[in-house]
file run.cif (mmCIF, C-alpha atoms and all ligand atoms)
data_work
#
loop_
_atom_site.label_atom_id
_atom_site.label_comp_id
_atom_site.auth_asym_id
_atom_site.auth_seq_id
_atom_site.Cartn_x
_atom_site.Cartn_y
_atom_site.Cartn_z
CA MET Y 198 -7.96 -3.15 -8.76
CA LYS Y 199 -9.06 0.03 -7.02
CA LEU Y 200 -8.10 0.49 -3.40
CA VAL Y 201 -10.49 2.42 -1.17
CA THR Y 202 -9.38 3.11 2.40
CA CYS Y 203 -11.22 4.31 5.47
CA CYS Y 204 -9.02 6.16 7.91
CA SER Y 205 -9.37 8.30 10.99
CA PHE Y 206 -7.17 9.08 13.96
CA LYS Y 207 -10.10 8.65 16.24
CA GLY Y 208 -11.27 5.21 17.33
CA GLY Y 209 -14.92 4.41 16.84
CA ALA Y 210 -15.42 6.89 13.99
CA GLY Y 211 -17.28 4.31 11.93
CA LYS Y 212 -14.46 3.16 9.62
CA THR Y 213 -15.15 -0.56 9.78
CA THR Y 214 -18.91 -0.12 9.51
CA ALA Y 215 -18.55 2.11 6.45
CA LEU Y 216 -16.27 -0.48 4.83
CA MET Y 217 -18.57 -3.39 5.62
CA GLY Y 218 -21.42 -1.42 4.08
CA LEU Y 219 -19.48 -0.41 0.99
CA CYS Y 220 -18.37 -4.01 0.54
CA SER Y 221 -21.98 -5.16 0.56
CA ALA Y 222 -23.03 -2.49 -1.95
CA LEU Y 223 -20.18 -3.42 -4.31
CA ALA Y 224 -20.92 -7.13 -3.97
CA THR Y 225 -24.57 -6.46 -4.89
CA GLU Y 226 -23.30 -5.00 -8.14
CA GLY Y 227 -21.41 -8.24 -8.80
CA LYS Y 228 -18.03 -6.71 -8.02
CA THR Y 229 -15.35 -8.79 -6.36
CA VAL Y 230 -13.96 -7.23 -3.20
CA ALA Y 231 -10.73 -7.94 -1.32
CA LEU Y 232 -10.85 -6.70 2.27
CA PHE Y 233 -7.48 -5.73 3.71
CA GLU Y 234 -7.57 -6.20 7.45
CA ALA Y 235 -4.99 -3.67 8.64
CA ASP Y 236 -6.46 -3.43 12.14
CA GLU Y 237 -4.86 -5.96 14.48
CA ASN Y 238 -8.19 -6.25 16.33
CA ARG Y 239 -9.44 -8.14 13.25
CA PRO Y 240 -13.01 -6.85 13.06
CA LEU Y 241 -13.38 -8.00 9.45
CA THR Y 242 -12.24 -11.53 10.25
CA ARG Y 243 -14.87 -11.69 13.00
CA TRP Y 244 -17.41 -10.21 10.61
CA LYS Y 245 -16.68 -12.95 8.11
CA GLU Y 246 -16.93 -15.68 10.77
CA ASN Y 247 -20.34 -14.38 11.88
CA ALA Y 248 -21.52 -14.03 8.30
CA VAL Y 249 -20.45 -17.53 7.27
CA LYS Y 250 -22.47 -18.94 10.22
CA ARG Y 251 -25.55 -17.02 9.09
CA ASN Y 252 -25.13 -17.69 5.41
CA THR Y 253 -24.60 -13.99 4.74
CA TRP Y 254 -21.06 -14.04 3.39
CA ASP Y 255 -20.76 -13.22 -0.29
CA PRO Y 256 -18.21 -15.48 -1.98
CA HIS Y 257 -17.23 -12.56 -4.25
CA CYS Y 258 -15.41 -11.14 -1.21
CA GLU Y 259 -12.37 -12.28 0.74
CA VAL Y 260 -10.59 -11.01 3.85
CA PHE Y 261 -6.78 -10.70 3.72
CA THR Y 262 -4.79 -10.14 6.89
CA ALA Y 263 -2.68 -7.04 6.31
CA ASP Y 264 -1.68 -5.73 9.74
CA ASP Y 265 1.99 -5.35 8.93
CA LEU Y 266 3.84 -4.18 5.84
CA PRO Y 267 4.94 -7.57 4.47
CA LEU Y 268 1.39 -8.95 4.91
CA LEU Y 269 -0.07 -5.87 3.24
CA GLU Y 270 2.28 -6.22 0.28
CA ARG Y 271 1.43 -9.90 -0.02
CA ALA Y 272 -2.32 -9.21 0.26
CA TYR Y 273 -2.09 -6.57 -2.45
CA GLU Y 274 -0.14 -8.85 -4.76
CA VAL Y 275 -2.45 -11.83 -4.27
CA ALA Y 276 -5.64 -9.75 -4.61
CA GLU Y 277 -4.38 -8.04 -7.73
CA GLY Y 278 -3.22 -11.37 -9.16
CA ARG Y 279 -6.64 -12.87 -8.53
CA GLY Y 280 -8.25 -9.99 -10.38
CA PHE Y 281 -10.37 -8.46 -7.61
CA ASP Y 282 -12.25 -5.37 -8.81
CA TYR Y 283 -11.88 -3.55 -5.49
CA ALA Y 284 -9.80 -3.70 -2.37
CA LEU Y 285 -11.13 -2.03 0.75
CA ALA Y 286 -8.65 -1.35 3.54
CA ASP Y 287 -9.74 -1.07 7.15
CA THR Y 288 -7.09 0.76 9.12
CA HIS Y 289 -6.53 1.03 12.85
CA GLY Y 290 -6.82 4.47 14.46
CA GLY Y 291 -3.84 6.82 14.62
CA SER Y 292 -0.85 7.22 12.34
CA SER Y 293 1.70 4.53 11.56
CA GLU Y 294 4.00 3.48 8.77
CA LEU Y 295 1.45 0.85 7.81
CA ASN Y 296 -1.34 3.44 7.59
CA ASN Y 297 0.90 5.79 5.60
CA THR Y 298 1.66 3.04 3.09
CA ILE Y 299 -2.02 2.16 2.72
CA ILE Y 300 -3.01 5.81 2.35
CA ALA Y 301 -0.34 6.45 -0.29
CA SER Y 302 -1.38 3.34 -2.27
CA SER Y 303 -5.11 4.13 -2.27
CA ASN Y 304 -7.25 5.37 -5.14
CA PHE Y 305 -9.76 6.97 -2.81
CA LEU Y 306 -9.71 7.88 0.87
CA LEU Y 307 -12.71 8.15 3.12
CA VAL Y 308 -12.55 9.85 6.49
CA PRO Y 309 -15.64 8.98 8.50
CA THR Y 310 -16.77 11.20 11.34
CA MET Y 311 -19.68 11.63 13.67
CA LEU Y 312 -21.12 15.11 14.06
CA THR Y 313 -19.75 16.03 17.48
CA PRO Y 314 -17.20 18.82 17.95
CA LEU Y 315 -14.61 16.35 19.26
CA ASP Y 316 -15.11 13.90 16.38
CA VAL Y 317 -15.02 16.61 13.74
CA ASP Y 318 -11.89 18.04 15.30
CA GLU Y 319 -10.23 14.62 14.94
CA ALA Y 320 -11.55 14.25 11.39
CA LEU Y 321 -10.03 17.61 10.46
CA ALA Y 322 -6.72 16.54 12.00
CA THR Y 323 -6.87 13.29 10.00
CA TYR Y 324 -7.72 15.17 6.82
CA ARG Y 325 -4.82 17.54 7.35
CA TYR Y 326 -2.47 14.66 8.06
CA ILE Y 327 -3.53 12.97 4.81
CA ILE Y 328 -3.08 16.13 2.75
CA GLU Y 329 0.38 16.71 4.23
CA LEU Y 330 1.37 13.11 3.53
CA LEU Y 331 0.09 13.32 -0.05
CA LEU Y 332 1.88 16.63 -0.63
CA SER Y 333 5.15 15.25 0.73
CA GLU Y 334 4.87 12.27 -1.63
CA SER Y 335 3.61 14.41 -4.55
CA LEU Y 336 0.45 12.31 -4.75
CA ALA Y 337 -3.06 13.45 -5.64
CA ILE Y 338 -5.58 11.00 -4.17
CA PRO Y 339 -9.21 12.05 -3.88
CA THR Y 340 -10.24 12.23 -0.24
CA ALA Y 341 -13.70 12.82 1.19
CA ILE Y 342 -15.22 13.15 4.63
CA LEU Y 343 -18.07 10.73 5.29
CA ARG Y 344 -20.55 12.01 7.85
CA GLN Y 345 -21.26 8.87 9.85
CA ARG Y 346 -24.08 7.98 12.26
CA VAL Y 347 -26.06 11.06 11.27
CA PRO Y 348 -29.34 11.11 13.22
CA PHE Y 349 -32.62 11.21 11.37
CA GLY Y 350 -34.76 14.29 11.65
CA LYS Y 351 -33.70 17.64 12.92
CA LEU Y 352 -30.07 18.06 13.92
CA THR Y 353 -29.27 19.75 17.22
CA ALA Y 354 -27.73 23.24 17.06
CA SER Y 355 -24.31 21.76 17.83
CA GLN Y 356 -24.65 19.10 15.12
CA ARG Y 357 -25.72 21.79 12.66
CA SER Y 358 -22.79 24.00 13.45
CA VAL Y 359 -20.20 21.20 13.10
CA SER Y 360 -21.96 20.08 9.95
CA ASP Y 361 -21.64 23.65 8.58
CA MET Y 362 -17.92 23.62 9.37
CA LEU Y 363 -17.49 20.49 7.26
CA THR Y 364 -19.02 22.05 4.15
CA ALA Y 365 -15.66 23.73 3.49
CA LEU Y 366 -14.19 20.27 2.84
CA PRO Y 367 -14.91 17.59 0.23
CA LEU Y 368 -17.81 15.51 1.52
CA THR Y 369 -19.53 12.41 0.22
CA GLU Y 370 -22.83 13.44 -1.31
CA GLN Y 371 -24.91 11.56 1.28
CA PRO Y 372 -24.11 10.72 4.89
CA MET Y 373 -24.50 7.30 6.49
CA PHE Y 374 -27.39 7.56 8.88
CA GLU Y 375 -27.49 6.13 12.37
CA ARG Y 376 -29.30 2.84 11.79
CA ASP Y 377 -29.67 -0.36 13.77
CA ALA Y 378 -29.20 -2.22 10.49
CA PHE Y 379 -25.66 -0.82 10.26
CA ALA Y 380 -24.78 -1.51 13.89
CA ALA Y 381 -26.02 -5.09 13.43
CA MET Y 382 -23.94 -5.83 10.32
CA LYS Y 383 -20.95 -7.02 12.34
CA VAL Y 384 -23.12 -9.81 13.78
CA ARG Y 385 -25.53 -10.39 10.91
CA GLY Y 386 -23.04 -10.27 8.06
CA MET Y 387 -23.45 -8.66 4.69
CA LEU Y 388 -26.49 -6.46 4.45
CA HIS Y 389 -27.58 -7.48 0.95
CA LEU Y 390 -27.58 -11.15 1.99
CA SER Y 391 -29.39 -10.38 5.28
CA ILE Y 392 -32.02 -8.78 3.07
CA ARG Y 393 -32.21 -11.87 0.87
CA ASN Y 394 -32.56 -14.13 3.93
CA ALA Y 395 -35.11 -11.83 5.59
CA SER Y 396 -37.28 -11.75 2.48
CA ASN Y 397 -37.58 -15.56 2.71
CA ASP Y 398 -38.51 -15.45 6.40
CA PRO Y 399 -42.04 -14.26 7.30
CA ALA Y 400 -40.92 -13.41 10.86
CA MET Y 401 -38.46 -10.87 9.44
CA ARG Y 402 -40.94 -9.06 7.18
CA LEU Y 403 -41.22 -5.96 9.36
CA MET Y 404 -37.48 -5.61 9.63
CA LEU Y 405 -37.09 -5.78 5.88
CA ARG Y 406 -38.07 -2.15 5.34
CA ASN Y 407 -35.32 -0.97 7.67
CA LEU Y 408 -32.78 -3.18 5.97
CA ASP Y 409 -33.84 -1.89 2.54
CA ALA Y 410 -33.54 1.74 3.70
CA ALA Y 411 -30.03 1.03 4.99
CA MET Y 412 -29.12 -0.59 1.67
CA GLU Y 413 -30.21 2.61 -0.11
CA ASP Y 414 -27.65 4.60 1.97
CA LEU Y 415 -24.98 2.16 0.89
CA LYS Y 416 -25.93 2.25 -2.76
CA ASN Y 417 -25.58 6.05 -2.63
CA LEU Y 418 -22.16 5.67 -1.07
CA SER Y 419 -20.98 3.20 -3.71
CA LYS Y 420 -22.39 5.41 -6.48
CA PHE Y 421 -20.34 8.27 -5.10
CA VAL Y 422 -17.22 6.10 -4.96
CA HIS Y 423 -17.74 5.02 -8.59
CA GLN Y 424 -18.12 8.66 -9.66
CA ILE Y 425 -14.88 9.64 -7.96
CA LEU Y 426 -12.95 6.68 -9.33
CA GLU Y 427 -14.19 7.24 -12.88
CA ASP Y 428 -13.04 10.89 -12.94
N1 LIG Y 501 -24.17 4.33 10.71
C1 LIG Y 501 -24.17 3.69 11.88
N2 LIG Y 501 -25.35 3.44 12.53
C2 LIG Y 501 -25.34 2.82 13.73
N3 LIG Y 501 -24.23 2.42 14.39
C3 LIG Y 501 -23.05 2.64 13.79
C4 LIG Y 501 -22.95 3.26 12.53
N4 LIG Y 501 -21.63 3.34 12.20
C5 LIG Y 501 -20.96 2.78 13.21
N5 LIG Y 501 -21.78 2.35 14.18
C6 LIG Y 501 -21.42 1.71 15.45
O1 LIG Y 501 -20.42 2.53 16.07
C7 LIG Y 501 -19.43 1.74 16.68
C8 LIG Y 501 -18.07 2.13 16.09
O2 LIG Y 501 -18.08 1.85 14.71
P1 LIG Y 501 -16.87 1.14 13.97
O3 LIG Y 501 -16.41 -0.05 14.68
O4 LIG Y 501 -17.27 1.03 12.55
O5 LIG Y 501 -15.79 2.30 14.11
P2 LIG Y 501 -14.24 2.22 13.80
O6 LIG Y 501 -13.84 3.58 13.36
O7 LIG Y 501 -13.95 1.12 12.88
O8 LIG Y 501 -13.65 1.89 15.24
P3 LIG Y 501 -12.15 1.41 15.61
O9 LIG Y 501 -11.34 2.65 15.67
O10 LIG Y 501 -12.34 0.75 16.94
O11 LIG Y 501 -11.70 0.49 14.53
C9 LIG Y 501 -19.80 0.29 16.39
O12 LIG Y 501 -20.45 -0.24 17.52
C10 LIG Y 501 -20.75 0.37 15.22
O13 LIG Y 501 -21.70 -0.67 15.23
MG MG Y 502 -12.58 -0.43 13.02
#
call {"tool": "encode", "arguments": {"input": "run.cif", "output": "structure tokens"}}
result
Amino acid sequence: MKLVTCCSFKGGAGKTTALMGLCSALATEGKTVALFEADENRPLTRWKENAVKRNTWDPHCEVFTADDLPLLERAYEVAEGRGFDYALADTHGGSSELNNTIIASSNFLLVPTMLTPLDVDEALATYRYIIELLLSESLAIPTAILRQRVPFGKLTASQRSVSDMLTALPLTEQPMFERDAFAAMKVRGMLHLSIRNASNDPAMRLMLRNLDAAMEDLKNLSKFVHQILED
């Protein structure tokens, strides 16, 4: 089982959304995905509840509460025992013993950030924190910055300059764009199953193109994750 974790000091960086999206992309490939809910606000549990109601929850995936160390250990053991291909951990903002344990147990770390100076500053602080933690534990875990909520079209001068700053660091090949389809996932459930449902519903035809475009972003992200994990 490969553990992929989204972390950032800053709240609202797009961690949970990136994980929900990656989960959907992996499930489309037939992978089984354990979701470790390490955020006590339980966004993934709510996501699952909404998805089950809308028939957009993929039974290849399961949410495990993991917001303290014993629960995390148990979740890891059970998920590994059940043979899940992937575990995705959604952390709360900031640093904690729980986050340190998750980071140190991961196979790949994603640090999402929006392209504002404040967000990038926090992403750099998170990145530095991770590197220091890994060095202190003599661990080498691939880590990449995920540019999140990137607007379509021309970036503003400020967005360009923070984007240029990030090129010095390992980045995912593609960003996640700012899309309504991503913002709506928490209510609509898994994107690949929203697409399946929309394609059977004539009233949803126009929306389908937007959902498909969002799914392409996610497939790129999962392709990148596979590449890293295969190295
Ligand atoms: N690519 C995107 N396109 C549009 N909206 C997005 C995108 N990514 C995130 N959002 C929206 O931004 C807000 C914050 O995202 P999210 O909850 O994923 O961040 P987070 O880092 O998990 O936050 P927290 O620190 O509270 O856990 C949410 O309302 C979400 O719908
Ligand atoms: Mg979150």
call {"tool": "residues_near_ligand", "arguments": {"input": "run.cif", "ligand": "ligand LIG 501 (chain Y)", "cutoff": "10 Å", "atoms": "only C-alpha atoms and all ligand atoms", "output": "NGL selection string"}}
result
:Y and (203-218 or 235-241 or 287-291 or 308-311 or 344-348 or 372-384 or 411 or 414)
call {"tool": "write_last_selection", "arguments": {"input": "run.cif", "atoms": "C-alpha atoms", "output": "short mmCIF file (atom, residue, chain, number, x, y, z; two decimals), in the coordinates of the input"}}
result
data_model
loop_
_atom_site.label_atom_id
_atom_site.label_comp_id
_atom_site.auth_asym_id
_atom_site.auth_seq_id
_atom_site.Cartn_x
_atom_site.Cartn_y
_atom_site.Cartn_z
CA CYS Y 203 -11.22 4.31 5.47
CA CYS Y 204 -9.02 6.16 7.91
CA SER Y 205 -9.37 8.30 10.99
CA PHE Y 206 -7.17 9.08 13.96
CA LYS Y 207 -10.10 8.65 16.24
CA GLY Y 208 -11.27 5.21 17.33
CA GLY Y 209 -14.92 4.41 16.84
CA ALA Y 210 -15.42 6.89 13.99
CA GLY Y 211 -17.28 4.31 11.93
CA LYS Y 212 -14.46 3.16 9.62
CA THR Y 213 -15.15 -0.56 9.78
CA THR Y 214 -18.91 -0.12 9.51
CA ALA Y 215 -18.55 2.11 6.45
CA LEU Y 216 -16.27 -0.48 4.83
CA MET Y 217 -18.57 -3.39 5.62
CA GLY Y 218 -21.42 -1.42 4.08
CA ALA Y 235 -4.99 -3.67 8.64
CA ASP Y 236 -6.46 -3.43 12.14
CA GLU Y 237 -4.86 -5.96 14.48
CA ASN Y 238 -8.19 -6.25 16.33
CA ARG Y 239 -9.44 -8.14 13.25
CA PRO Y 240 -13.01 -6.85 13.06
CA LEU Y 241 -13.38 -8.00 9.45
CA ASP Y 287 -9.74 -1.07 7.15
CA THR Y 288 -7.09 0.76 9.12
CA HIS Y 289 -6.53 1.03 12.85
CA GLY Y 290 -6.82 4.47 14.46
CA GLY Y 291 -3.84 6.82 14.62
CA VAL Y 308 -12.55 9.85 6.49
CA PRO Y 309 -15.64 8.98 8.50
CA THR Y 310 -16.77 11.20 11.34
CA MET Y 311 -19.68 11.63 13.67
CA ARG Y 344 -20.55 12.01 7.85
CA GLN Y 345 -21.26 8.87 9.85
CA ARG Y 346 -24.08 7.98 12.26
CA VAL Y 347 -26.06 11.06 11.27
CA PRO Y 348 -29.34 11.11 13.22
CA PRO Y 372 -24.11 10.72 4.89
CA MET Y 373 -24.50 7.30 6.49
CA PHE Y 374 -27.39 7.56 8.88
CA GLU Y 375 -27.49 6.13 12.37
CA ARG Y 376 -29.30 2.84 11.79
CA ASP Y 377 -29.67 -0.36 13.77
CA ALA Y 378 -29.20 -2.22 10.49
CA PHE Y 379 -25.66 -0.82 10.26
CA ALA Y 380 -24.78 -1.51 13.89
CA ALA Y 381 -26.02 -5.09 13.43
CA MET Y 382 -23.94 -5.83 10.32
CA LYS Y 383 -20.95 -7.02 12.34
CA VAL Y 384 -23.12 -9.81 13.78
CA ALA Y 411 -30.03 1.03 4.99
CA ASP Y 414 -27.65 4.60 1.97
#
call {"tool": "closest_residue", "arguments": {"input": "run.cif", "among": "Y:Met198, Y:Ala248, Y:Leu403, Y:Ala354", "to": "Phe305 in chain Y", "atoms": "all atoms listed in the file"}}
result
Y:Met198
call {"tool": "atom_distance", "arguments": {"input": "run.cif", "atom1": "CA of Ala365 in chain Y", "atom2": "CA of Ala301 in chain Y"}}
result
23.4 Å
call {"tool": "closest_residue", "arguments": {"input": "run.cif", "among": "Y:Asn394, Y:Gln424, Y:Ser292, Y:Ser302", "to": "Leu336 in chain Y", "atoms": "all atoms listed in the file"}}
result
Y:Ser302
call {"tool": "closest_residue", "arguments": {"input": "run.cif", "among": "Y:Ala286, Y:Leu352, Y:Leu426, Y:Val260", "to": "ligand MG 502 (chain Y)", "atoms": "only C-alpha atoms and all ligand atoms"}}
result
Y:Ala286
call {"tool": "closest_residue", "arguments": {"input": "run.cif", "among": "Y:Thr229, Y:Asn296, Y:Thr353, Y:Thr313", "to": "Ala263 in chain Y", "atoms": "all atoms listed in the file"}}
result
Y:Asn296
call {"tool": "residues_near_point", "arguments": {"input": "run.cif", "point": "(-17.5, -18.2, -4.4)", "cutoff": "12 Å", "atoms": "all atoms listed in the file", "output": "number ranges by chain"}}
result
Y: 224, 227, 229-230, 254-259
call {"tool": "atom_distance", "arguments": {"input": "run.cif", "atom1": "CA of Leu388 in chain Y", "atom2": "CA of Leu306 in chain Y"}}
result
22.4 Å
call {"tool": "atom_distance", "arguments": {"input": "run.cif", "atom1": "CA of Lys245 in chain Y", "atom2": "CA of Thr225 in chain Y"}}
result
16.5 Å
call {"tool": "residues_near_point", "arguments": {"input": "run.cif", "point": "(-36.5, -2.3, 2.9)", "cutoff": "12 Å", "atoms": "all atoms listed in the file", "output": "list in words"}}
result
Ala378, Leu388, His389, Ser391, Ile392, Arg393, Ala395, Ser396, Met401, Arg402, Leu403, Met404, Leu405, Arg406, Asn407, Leu408, Asp409, Ala410, Ala411, Met412, Glu413 and Asp414 of chain Y
call {"tool": "closest_residue", "arguments": {"input": "run.cif", "among": "Y:Phe421, Y:Pro314, Y:Trp244, Y:Arg325", "to": "ligand MG 502 (chain Y)", "atoms": "only C-alpha atoms and all ligand atoms"}}
result
Y:Trp244
call {"tool": "residues_around", "arguments": {"input": "run.cif", "residues": "Leu219 in chain Y", "least_positions_apart": "3", "cutoff": "8 Å", "atoms": "only C-alpha atoms", "output": "list in words"}}
result
Ala215, Leu216, Ala222, Leu223, Leu415, Lys416, Leu418 and Ser419 of chain Y
call {"tool": "build_atoms", "arguments": {"input": "run.cif", "residues": "range 216-226 of chain Y", "atoms": "all heavy atoms", "output": "PDB file, in the frame of the given file"}}
result
ATOM      1  N   LEU Y 216     -16.875   0.484   5.766  1.00  0.00           N
ATOM      2  CA  LEU Y 216     -16.270  -0.480   4.830  1.00  0.00           C
ATOM      3  C   LEU Y 216     -17.131  -1.718   4.639  1.00  0.00           C
ATOM      4  O   LEU Y 216     -17.288  -2.205   3.520  1.00  0.00           O
ATOM      5  CB  LEU Y 216     -14.896  -0.923   5.334  1.00  0.00           C
ATOM      6  CG  LEU Y 216     -13.696  -0.144   4.864  1.00  0.00           C
ATOM      7  CD1 LEU Y 216     -12.433  -0.956   5.056  1.00  0.00           C
ATOM      8  CD2 LEU Y 216     -13.798   0.250   3.404  1.00  0.00           C
ATOM      9  N   MET Y 217     -17.700  -2.213   5.742  1.00  0.00           N
ATOM     10  CA  MET Y 217     -18.570  -3.390   5.620  1.00  0.00           C
ATOM     11  C   MET Y 217     -19.755  -3.046   4.716  1.00  0.00           C
ATOM     12  O   MET Y 217     -20.149  -3.854   3.868  1.00  0.00           O
ATOM     13  CB  MET Y 217     -19.084  -3.816   7.019  1.00  0.00           C
ATOM     14  CG  MET Y 217     -17.996  -4.353   7.919  1.00  0.00           C
ATOM     15  SD  MET Y 217     -18.591  -5.110   9.471  1.00  0.00           S
ATOM     16  CE  MET Y 217     -19.382  -3.745  10.251  1.00  0.00           C
ATOM     17  N   GLY Y 218     -20.273  -1.840   4.892  1.00  0.00           N
ATOM     18  CA  GLY Y 218     -21.420  -1.420   4.080  1.00  0.00           C
ATOM     19  C   GLY Y 218     -21.053  -1.262   2.616  1.00  0.00           C
ATOM     20  O   GLY Y 218     -21.767  -1.742   1.727  1.00  0.00           O
ATOM     21  N   LEU Y 219     -19.918  -0.620   2.376  1.00  0.00           N
ATOM     22  CA  LEU Y 219     -19.480  -0.410   0.990  1.00  0.00           C
ATOM     23  C   LEU Y 219     -19.220  -1.753   0.314  1.00  0.00           C
ATOM     24  O   LEU Y 219     -19.555  -1.957  -0.858  1.00  0.00           O
ATOM     25  CB  LEU Y 219     -18.231   0.478   0.990  1.00  0.00           C
ATOM     26  CG  LEU Y 219     -17.682   0.888  -0.362  1.00  0.00           C
ATOM     27  CD1 LEU Y 219     -18.735   1.612  -1.200  1.00  0.00           C
ATOM     28  CD2 LEU Y 219     -16.451   1.787  -0.186  1.00  0.00           C
ATOM     29  N   CYS Y 220     -18.649  -2.666   1.069  1.00  0.00           N
ATOM     30  CA  CYS Y 220     -18.370  -4.010   0.540  1.00  0.00           C
ATOM     31  C   CYS Y 220     -19.674  -4.665   0.084  1.00  0.00           C
ATOM     32  O   CYS Y 220     -19.750  -5.231  -1.014  1.00  0.00           O
ATOM     33  CB  CYS Y 220     -17.704  -4.831   1.649  1.00  0.00           C
ATOM     34  SG  CYS Y 220     -17.416  -6.532   1.183  1.00  0.00           S
ATOM     35  N   SER Y 221     -20.688  -4.559   0.913  1.00  0.00           N
ATOM     36  CA  SER Y 221     -21.980  -5.160   0.560  1.00  0.00           C
ATOM     37  C   SER Y 221     -22.562  -4.515  -0.692  1.00  0.00           C
ATOM     38  O   SER Y 221     -23.061  -5.211  -1.593  1.00  0.00           O
ATOM     39  CB  SER Y 221     -22.925  -4.998   1.757  1.00  0.00           C
ATOM     40  OG  SER Y 221     -24.174  -5.546   1.472  1.00  0.00           O
ATOM     41  N   ALA Y 222     -22.476  -3.191  -0.776  1.00  0.00           N
ATOM     42  CA  ALA Y 222     -23.030  -2.490  -1.950  1.00  0.00           C
ATOM     43  C   ALA Y 222     -22.281  -2.902  -3.216  1.00  0.00           C
ATOM     44  O   ALA Y 222     -22.892  -3.136  -4.262  1.00  0.00           O
ATOM     45  CB  ALA Y 222     -22.938  -0.978  -1.740  1.00  0.00           C
ATOM     46  N   LEU Y 223     -20.964  -3.025  -3.137  1.00  0.00           N
ATOM     47  CA  LEU Y 223     -20.180  -3.420  -4.310  1.00  0.00           C
ATOM     48  C   LEU Y 223     -20.485  -4.858  -4.701  1.00  0.00           C
ATOM     49  O   LEU Y 223     -20.615  -5.185  -5.889  1.00  0.00           O
ATOM     50  CB  LEU Y 223     -18.679  -3.249  -4.038  1.00  0.00           C
ATOM     51  CG  LEU Y 223     -18.198  -1.802  -3.867  1.00  0.00           C
ATOM     52  CD1 LEU Y 223     -16.754  -1.770  -3.354  1.00  0.00           C
ATOM     53  CD2 LEU Y 223     -18.295  -1.034  -5.186  1.00  0.00           C
ATOM     54  N   ALA Y 224     -20.622  -5.720  -3.691  1.00  0.00           N
ATOM     55  CA  ALA Y 224     -20.920  -7.130  -3.970  1.00  0.00           C
ATOM     56  C   ALA Y 224     -22.285  -7.267  -4.648  1.00  0.00           C
ATOM     57  O   ALA Y 224     -22.465  -8.110  -5.526  1.00  0.00           O
ATOM     58  CB  ALA Y 224     -20.848  -7.948  -2.694  1.00  0.00           C
ATOM     59  N   THR Y 225     -23.234  -6.428  -4.252  1.00  0.00           N
ATOM     60  CA  THR Y 225     -24.570  -6.460  -4.890  1.00  0.00           C
ATOM     61  C   THR Y 225     -24.465  -6.165  -6.377  1.00  0.00           C
ATOM     62  O   THR Y 225     -25.263  -6.662  -7.166  1.00  0.00           O
ATOM     63  CB  THR Y 225     -25.479  -5.339  -4.305  1.00  0.00           C
ATOM     64  OG1 THR Y 225     -25.263  -5.268  -2.925  1.00  0.00           O
ATOM     65  CG2 THR Y 225     -26.935  -5.584  -4.580  1.00  0.00           C
ATOM     66  N   GLU Y 226     -23.480  -5.345  -6.718  1.00  0.00           N
ATOM     67  CA  GLU Y 226     -23.300  -5.000  -8.140  1.00  0.00           C
ATOM     68  C   GLU Y 226     -22.519  -6.082  -8.879  1.00  0.00           C
ATOM     69  O   GLU Y 226     -22.177  -5.911 -10.045  1.00  0.00           O
ATOM     70  CB  GLU Y 226     -22.521  -3.684  -8.256  1.00  0.00           C
ATOM     71  CG  GLU Y 226     -23.218  -2.501  -7.635  1.00  0.00           C
ATOM     72  CD  GLU Y 226     -22.245  -1.324  -7.459  1.00  0.00           C
ATOM     73  OE1 GLU Y 226     -21.185  -1.302  -8.109  1.00  0.00           O
ATOM     74  OE2 GLU Y 226     -22.557  -0.441  -6.652  1.00  0.00           O
TER      75      GLU Y 226
END
